[in-house]
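Working notes for the structure below.
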Amino acid sequence: MTEEKAIQNIEEWVKAELMNEKSGHDWYHIQRVTDISKEILKYEKADSFTVTAAALLHDIADDKVTSNVNMALERIRKLLQENKVANDTIETIIDIITTMSFKGGTGKKLSYIEAQIVQDADRLDALGAIGIARTFQYGGAKGQAMYDPKIPVRDKMSFEEYRNGESTSINHFYEKLLLLKVEMNTPAAIKIAEERESFMKHFLDTFFKEWNGEL
């Protein structure tokens, strides 16, 4: 089986899995992350199949969208095996999708370029106009308030606190999103992140002016 055909099969499988996902981690998010990964690949020397496959699969086993991470990983492994992907490539893809998450700032630093590219692409989709929209979509799906000045922004927290503690959608900008630019791995991602972060900061300035009744 050619790599092109394997990618096509993976794409169709992921699309069927996530098309109706409603927390901001749907197929269109996957499509954007894959496209951004391919753009970064133009400037970096990396294995394009590994990057593309990991970008397509990166949210299937994420605890934000599945209640059984281990089962999801096994389904990914089976899919890749059925598409004749080499065992060492499968292990690399699994490693990328299990280590790239922010995890409340507790995630580990990635050491190889394929993982760094996919992580950068995923984080870029959390920034800018779409990042803003996804933040409120996810907060609504999880029953969080849009904003509540009585709920403080959390500084340091465990992964459990980050995922399940009380917060708001606006707090999420300060607990994660505005921390992403300095964590980008590749020069291309840093450049894109600068523009998208600037847009988000302008949004927040406007939000608080309106919240405080400033005309």
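Going by the structure tokens order, chains are called A, B, ..., each with residues numbered from 1, while ligands are numbered from 1 in the order shown.
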Could you list, with a cut-off of 12 Å and counting only C-alpha atoms, the residues of region 16-112 of chain A near region 3-10 of chain A, each shown with its nearest atom pair and the distance in Å rounded to one decimal, rows sorted by chain and ascending number, as JSON lines?
```
{"residue": "A:Ala16", "atom": "CA", "partner": "A:Ile10", "partner_atom": "CA", "distance": 10.0}
{"residue": "A:Glu17", "atom": "CA", "partner": "A:Ile10", "partner_atom": "CA", "distance": 10.6}
{"residue": "A:Ile30", "atom": "CA", "partner": "A:Ile10", "partner_atom": "CA", "distance": 11.8}
{"residue": "A:Thr34", "atom": "CA", "partner": "A:Ile7", "partner_atom": "CA", "distance": 11.2}
{"residue": "A:Asp47", "atom": "CA", "partner": "A:Glu3", "partner_atom": "CA", "distance": 11.5}
{"residue": "A:Ser48", "atom": "CA", "partner": "A:Glu3", "partner_atom": "CA", "distance": 9.8}
{"residue": "A:Phe49", "atom": "CA", "partner": "A:Glu3", "partner_atom": "CA", "distance": 6.9}
{"residue": "A:Thr50", "atom": "CA", "partner": "A:Ile7", "partner_atom": "CA", "distance": 9.8}
{"residue": "A:Val51", "atom": "CA", "partner": "A:Ile7", "partner_atom": "CA", "distance": 10.7}
{"residue": "A:Thr52", "atom": "CA", "partner": "A:Ile7", "partner_atom": "CA", "distance": 7.5}
{"residue": "A:Ala53", "atom": "CA", "partner": "A:Ile7", "partner_atom": "CA", "distance": 6.4}
{"residue": "A:Ala54", "atom": "CA", "partner": "A:Ile10", "partner_atom": "CA", "distance": 9.9}
{"residue": "A:Ala55", "atom": "CA", "partner": "A:Ile10", "partner_atom": "CA", "distance": 10.5}
{"residue": "A:Leu56", "atom": "CA", "partner": "A:Ile10", "partner_atom": "CA", "distance": 7.3}
{"residue": "A:Leu57", "atom": "CA", "partner": "A:Ile10", "partner_atom": "CA", "distance": 7.8}
{"residue": "A:His58", "atom": "CA", "partner": "A:Ile10", "partner_atom": "CA", "distance": 11.6}
{"residue": "A:Ile60", "atom": "CA", "partner": "A:Ile10", "partner_atom": "CA", "distance": 11.4}
{"residue": "A:Arg75", "atom": "CA", "partner": "A:Ile10", "partner_atom": "CA", "distance": 11.6}
{"residue": "A:Ile76", "atom": "CA", "partner": "A:Ile10", "partner_atom": "CA", "distance": 9.2}
{"residue": "A:Arg77", "atom": "CA", "partner": "A:Ile10", "partner_atom": "CA", "distance": 11.3}
{"residue": "A:Lys78", "atom": "CA", "partner": "A:Ile10", "partner_atom": "CA", "distance": 11.2}
{"residue": "A:Leu79", "atom": "CA", "partner": "A:Ile10", "partner_atom": "CA", "distance": 7.5}
{"residue": "A:Leu80", "atom": "CA", "partner": "A:Ile10", "partner_atom": "CA", "distance": 7.9}
{"residue": "A:Gln81", "atom": "CA", "partner": "A:Ala6", "partner_atom": "CA", "distance": 10.2}
{"residue": "A:Glu82", "atom": "CA", "partner": "A:Ala6", "partner_atom": "CA", "distance": 9.1}
{"residue": "A:Asn83", "atom": "CA", "partner": "A:Ala6", "partner_atom": "CA", "distance": 5.5}
{"residue": "A:Lys84", "atom": "CA", "partner": "A:Ala6", "partner_atom": "CA", "distance": 7.9}
{"residue": "A:Val85", "atom": "CA", "partner": "A:Ala6", "partner_atom": "CA", "distance": 7.9}
{"residue": "A:Ala86", "atom": "CA", "partner": "A:Glu3", "partner_atom": "CA", "distance": 10.8}
{"residue": "A:Thr89", "atom": "CA", "partner": "A:Glu3", "partner_atom": "CA", "distance": 11.8}
```
If you count only C-alpha atoms, which residues fall within 8 Å of Ile113 (chain A), apart from same-chain ones fewer than 5 positions away, as a CSV table (one decimal) with N, CA, C and O atoms, in the first residue's frame?
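Contents of selection_14.csv, as written:
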```csv
chain,number,residue,atom,x,y,z
A,44,GLU,N,10.9,22.7,7.3
A,44,GLU,CA,11.6,21.8,8.2
A,44,GLU,C,11.9,20.5,7.5
A,44,GLU,O,11.1,20.0,6.6
A,45,LYS,N,13.0,19.9,7.9
A,45,LYS,CA,13.3,18.5,7.3
A,45,LYS,C,12.7,17.5,8.3
A,45,LYS,O,13.2,17.3,9.4
A,46,ALA,N,11.7,16.8,7.8
A,46,ALA,CA,11.0,15.9,8.7
A,46,ALA,C,10.3,14.8,7.8
A,46,ALA,O,10.1,15.1,6.6
```
Could you check how far CA of Leu204 (chain A) sits from CA of Phe173 (chain A), in Å to one decimal?
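Distance between the two atoms: 8.7 Å.
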Residue contacts of Thr99 (chain A) (12 Å, only C-alpha atoms) excluding same-chain residues fewer than 6 positions away, as a PyMOL selection string
chain A and resi 54+58-59+61-62+92-93+106-112+115-116+118-119
Rounded to one decimal place, report the CA of Phe208 (chain A)-CA of Ser169 (chain A) distance in Å.
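According to the coordinates, CA of Phe208 (chain A) and CA of Ser169 (chain A) are separated by 13.3 Å.
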Need the shell around Arg123 (chain A): protein/DNA/RNA residues with any atom at most 10 Å away, counting only C-alpha atoms. Skip same-chain ones fewer than 3 positions apart. Format as a PyMOL selection string?
chain A and resi 33+100-102+117-120+126-127+131+176-177+180-181+183-184+189+193
Include C-alpha atoms and write out the residues we just selected as a short mmCIF file (atom, residue, chain, number, x, y, z; two decimals), in the first residue's frame.
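So selection_10.cif came out as:
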```cif
data_model
loop_
_atom_site.label_atom_id
_atom_site.label_comp_id
_atom_site.auth_asym_id
_atom_site.auth_seq_id
_atom_site.Cartn_x
_atom_site.Cartn_y
_atom_site.Cartn_z
CA VAL A 33 -4.07 21.20 11.98
CA MET A 100 2.00 16.72 22.51
CA SER A 101 -0.81 17.99 24.74
CA PHE A 102 -0.46 21.16 26.85
CA ILE A 117 5.57 20.28 13.98
CA VAL A 118 2.29 18.61 14.93
CA GLN A 119 2.32 20.25 18.36
CA ASP A 120 2.93 23.67 16.80
CA ALA A 126 -5.92 27.39 19.46
CA LEU A 127 -4.88 30.96 18.62
CA GLY A 131 -8.96 29.89 18.64
CA LYS A 176 -3.22 28.42 28.38
CA LEU A 177 -3.70 30.36 25.17
CA LEU A 180 1.51 29.17 23.73
CA LYS A 181 3.52 31.59 21.59
CA GLU A 183 6.30 27.47 23.62
CA MET A 184 6.31 27.17 19.82
CA ALA A 189 4.99 28.65 13.87
CA ALA A 193 1.63 32.75 16.52
#
```
Which residue gives the smallest distance to Asp122 (chain A) among A:Met19, A:Ile90, A:Ile40, A:Met71, with only C-alpha atoms counted?
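The shortest atom-to-atom distance to Asp122 (chain A) comes from A:Ile40.
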At what distance in Å, to one decimal, does CA of His202 (chain A) lie from CA of Glu214 (chain A)?
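Computing the Euclidean distance for CA of Glu214 (chain A) and CA of His202 (chain A) yields 15.1 Å.
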Quick one: residues within 8 Å of Trp27 (chain A), only C-alpha atoms, excluding same-chain residues fewer than 4 positions away - as a list in words?
Val14, Lys15, Leu18, Met19, Asn20, Glu21 and Gln31 of chain A
Nearest to Glu197 (chain A), chosen from A:Glu160, A:Lys150, A:Asp125, A:Asp155, with only C-alpha atoms counted in the distances
A:Asp125
List every residue of region 30-214 of chain A that DSSP, applied to the backbone of this structure, assigns to helix (DSSP H, G or I), and report them as a VMD selection string.
chain A and resid 30 to 41 48 to 57 69 to 82 87 to 99 103 to 105 113 to 124 128 to 141 159 to 164 169 to 175 177 to 179 181 to 183 187 to 211
Residue contacts of Lys142 (chain A) (12 Å, only C-alpha atoms) excluding same-chain residues fewer than 5 positions away, as a ChimeraX atom specification:
/A:22-24,64-65,135-137,163-169
How about saving the chosen residues, N, CA and C atoms kept, as a compact mmCIF listing (two decimals), in the first residue's frame?
```txt
# COMPACT_ATOMS: atom_id res chain seq x y z
N LYS A 22 -18.50 18.01 19.18
CA LYS A 22 -19.01 19.36 19.41
C LYS A 22 -18.21 20.18 20.41
N SER A 23 -16.99 19.76 20.76
CA SER A 23 -16.23 20.51 21.77
C SER A 23 -15.14 21.38 21.15
N GLY A 24 -15.14 21.50 19.82
CA GLY A 24 -14.08 22.25 19.16
C GLY A 24 -12.94 21.38 18.68
N LYS A 64 -10.19 14.67 26.12
CA LYS A 64 -11.25 15.66 25.94
C LYS A 64 -12.37 15.12 25.06
N VAL A 65 -12.06 14.11 24.25
CA VAL A 65 -13.08 13.61 23.32
C VAL A 65 -13.38 12.12 23.47
N THR A 135 -12.51 28.32 21.95
CA THR A 135 -12.47 28.47 23.40
C THR A 135 -13.89 28.53 23.98
N PHE A 136 -14.74 29.32 23.36
CA PHE A 136 -16.10 29.45 23.88
C PHE A 136 -16.95 28.22 23.56
N GLN A 137 -16.68 27.58 22.44
CA GLN A 137 -17.38 26.34 22.13
C GLN A 137 -17.04 25.26 23.16
N ARG A 163 -7.74 20.13 34.04
CA ARG A 163 -8.83 19.54 33.29
C ARG A 163 -10.18 19.66 34.00
N ASN A 164 -10.19 19.53 35.33
CA ASN A 164 -11.46 19.41 36.04
C ASN A 164 -11.76 20.52 37.05
N GLY A 165 -10.79 21.41 37.30
CA GLY A 165 -11.03 22.49 38.25
C GLY A 165 -11.94 23.57 37.69
N GLU A 166 -12.44 24.42 38.58
CA GLU A 166 -13.36 25.49 38.17
C GLU A 166 -12.60 26.59 37.43
N SER A 167 -13.12 26.99 36.29
CA SER A 167 -12.53 28.07 35.52
C SER A 167 -13.60 28.68 34.64
N THR A 168 -13.19 29.59 33.75
CA THR A 168 -14.11 30.20 32.79
C THR A 168 -13.44 30.24 31.42
N SER A 169 -14.23 30.52 30.41
CA SER A 169 -13.65 30.61 29.07
C SER A 169 -12.65 31.75 28.96
```
So, counting only C-alpha atoms, which residue among A:Glu12, A:Thr98, A:Ala121, A:Ile170 is closest to Tyr138 (chain A)?
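For Tyr138 (chain A), the nearest of the given residues is A:Ile170.
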